[in-house]
Amino acid sequence: MIDTRQILARTDLLALVGETVALRKSGAEHYGRCPLHADKSPTLRVNGTKGLWHCPSCQVGGDAIAWVEHVQGLD
């Protein structure tokens, strides 16, 4: 059985999100345009150290698994 903790520990969230979104570093976080809604400004925040992302505009966020679920429309 696959352990989600192992998947999250081995996943580089910045690289994963960077496959879909152009990210720019600002302080401890990286910012980009959220692909989940018609975003005209970089509201998507990604913290690679914590392994978390969040978009305050569409009120979604989470870890690498949540990213894949949301971007690919999975349950």
# chains A, B, ... in the order shown; residues from 1 in each chain; ligands from 1
$ select_by_dssp --residues "stretch 1-71 of chain A" --states "helix (DSSP H, G or I)" --output "MDAnalysis selection string"
chainID A and resid 4:10 13:18 64:71
$ residues_around --residues "A:Arg33" --least-positions-apart "5" --cutoff "6 Å" --atoms "only C-alpha atoms" --output "PDB file with N, CA, C and O atoms, in the first residue's frame"
ATOM      1  N   ASP A  39      -7.247  34.001 -13.517  1.00  0.00           N
ATOM      2  CA  ASP A  39      -6.390  34.845 -12.678  1.00  0.00           C
ATOM      3  C   ASP A  39      -5.573  35.786 -13.553  1.00  0.00           C
ATOM      4  O   ASP A  39      -4.879  35.348 -14.460  1.00  0.00           O
ATOM      5  N   SER A  41      -3.607  38.224 -12.000  1.00  0.00           N
ATOM      6  CA  SER A  41      -2.450  38.611 -11.194  1.00  0.00           C
ATOM      7  C   SER A  41      -1.976  37.378 -10.417  1.00  0.00           C
ATOM      8  O   SER A  41      -2.741  36.438 -10.213  1.00  0.00           O
ATOM      9  N   PRO A  42      -0.740  37.369  -9.970  1.00  0.00           N
ATOM     10  CA  PRO A  42      -0.196  36.196  -9.278  1.00  0.00           C
ATOM     11  C   PRO A  42      -0.710  36.062  -7.838  1.00  0.00           C
ATOM     12  O   PRO A  42      -0.103  36.564  -6.898  1.00  0.00           O
ATOM     13  N   THR A  43      -1.836  35.398  -7.668  1.00  0.00           N
ATOM     14  CA  THR A  43      -2.402  35.208  -6.335  1.00  0.00           C
ATOM     15  C   THR A  43      -2.052  33.858  -5.726  1.00  0.00           C
ATOM     16  O   THR A  43      -2.175  33.682  -4.516  1.00  0.00           O
ATOM     17  N   LEU A  44      -1.621  32.919  -6.548  1.00  0.00           N
ATOM     18  CA  LEU A  44      -1.260  31.586  -6.055  1.00  0.00           C
ATOM     19  C   LEU A  44       0.052  31.666  -5.281  1.00  0.00           C
ATOM     20  O   LEU A  44       1.039  32.202  -5.782  1.00  0.00           O
TER      21      LEU A  44
END
$ residues_around --residues "A:Thr49" --least-positions-apart "5" --cutoff "9 Å" --atoms "only C-alpha atoms" --output "list in words"
Leu13, Ala28 and Glu29 of chain A
$ atom_distance --atom1 "atom CA of A:Val60" --atom2 "atom CA of A:Val21"
15.6 Å
$ closest_residue --among "A:Gly27, A:Glu19, A:Asp12, A:Ser57" --to "A:Lys40" --atoms "only C-alpha atoms"
A:Ser57
$ atom_distance --atom1 "atom CA of A:Lys25" --atom2 "atom CA of A:His70"
22.5 Å
$ decode --residues "stretch 7-37 of chain A" --atoms "N, CA and C atoms" --output "compact mmCIF listing (two decimals), in the first residue's frame"
# COMPACT_ATOMS: atom_id res chain seq x y z
N ILE A 7 4.99 9.84 -0.27
CA ILE A 7 4.81 10.55 -1.54
C ILE A 7 5.08 12.04 -1.33
N LEU A 8 4.49 12.61 -0.29
CA LEU A 8 4.67 14.04 -0.02
C LEU A 8 6.12 14.37 0.31
N ALA A 9 6.79 13.50 1.05
CA ALA A 9 8.19 13.74 1.41
C ALA A 9 9.11 13.70 0.19
N ARG A 10 8.75 12.92 -0.80
CA ARG A 10 9.60 12.77 -1.99
C ARG A 10 9.24 13.74 -3.12
N THR A 11 8.17 14.46 -2.96
CA THR A 11 7.70 15.35 -4.02
C THR A 11 8.21 16.77 -3.80
N ASP A 12 8.81 17.33 -4.84
CA ASP A 12 9.23 18.73 -4.83
C ASP A 12 8.03 19.55 -5.30
N LEU A 13 7.33 20.18 -4.37
CA LEU A 13 6.12 20.91 -4.69
C LEU A 13 6.38 22.04 -5.69
N LEU A 14 7.50 22.73 -5.53
CA LEU A 14 7.80 23.83 -6.45
C LEU A 14 7.96 23.32 -7.89
N ALA A 15 8.62 22.18 -8.04
CA ALA A 15 8.78 21.60 -9.37
C ALA A 15 7.44 21.13 -9.92
N LEU A 16 6.63 20.53 -9.07
CA LEU A 16 5.31 20.04 -9.49
C LEU A 16 4.42 21.18 -9.96
N VAL A 17 4.29 22.21 -9.14
CA VAL A 17 3.46 23.36 -9.51
C VAL A 17 4.07 24.09 -10.71
N GLY A 18 5.41 24.14 -10.76
CA GLY A 18 6.11 24.80 -11.85
C GLY A 18 5.90 24.15 -13.20
N GLU A 19 5.41 22.91 -13.24
CA GLU A 19 5.08 22.27 -14.51
C GLU A 19 3.85 22.92 -15.14
N THR A 20 3.01 23.55 -14.33
CA THR A 20 1.76 24.15 -14.79
C THR A 20 1.79 25.68 -14.74
N VAL A 21 2.51 26.22 -13.76
CA VAL A 21 2.47 27.65 -13.48
C VAL A 21 3.88 28.22 -13.46
N ALA A 22 4.07 29.38 -14.07
CA ALA A 22 5.34 30.09 -13.95
C ALA A 22 5.39 30.73 -12.57
N LEU A 23 6.39 30.35 -11.77
CA LEU A 23 6.49 30.84 -10.40
C LEU A 23 7.62 31.85 -10.27
N ARG A 24 7.41 32.82 -9.39
CA ARG A 24 8.42 33.83 -9.11
C ARG A 24 8.59 33.92 -7.60
N LYS A 25 9.85 33.85 -7.15
CA LYS A 25 10.15 33.88 -5.72
C LYS A 25 10.03 35.29 -5.17
N SER A 26 9.40 35.37 -4.00
CA SER A 26 9.29 36.62 -3.26
C SER A 26 9.30 36.28 -1.79
N GLY A 27 10.41 36.53 -1.14
CA GLY A 27 10.54 36.16 0.27
C GLY A 27 10.64 34.66 0.40
N ALA A 28 9.88 34.09 1.33
CA ALA A 28 9.91 32.65 1.56
C ALA A 28 8.98 31.89 0.63
N GLU A 29 8.16 32.59 -0.14
CA GLU A 29 7.18 31.93 -0.99
C GLU A 29 7.41 32.23 -2.45
N HIS A 30 6.77 31.44 -3.28
CA HIS A 30 6.76 31.65 -4.72
C HIS A 30 5.33 31.99 -5.12
N TYR A 31 5.19 32.86 -6.10
CA TYR A 31 3.87 33.32 -6.54
C TYR A 31 3.69 33.05 -8.03
N GLY A 32 2.44 32.79 -8.40
CA GLY A 32 2.12 32.57 -9.80
C GLY A 32 0.63 32.79 -10.01
N ARG A 33 0.22 32.69 -11.28
CA ARG A 33 -1.19 32.86 -11.62
C ARG A 33 -1.90 31.52 -11.46
N CYS A 34 -2.93 31.51 -10.67
CA CYS A 34 -3.67 30.29 -10.36
C CYS A 34 -4.37 29.74 -11.61
N PRO A 35 -4.14 28.47 -11.94
CA PRO A 35 -4.79 27.88 -13.11
C PRO A 35 -6.22 27.42 -12.84
N LEU A 36 -6.69 27.56 -11.61
CA LEU A 36 -8.01 27.07 -11.25
C LEU A 36 -9.12 28.09 -11.50
N HIS A 37 -8.73 29.33 -11.79
CA HIS A 37 -9.72 30.36 -12.14
C HIS A 37 -9.05 31.36 -13.07
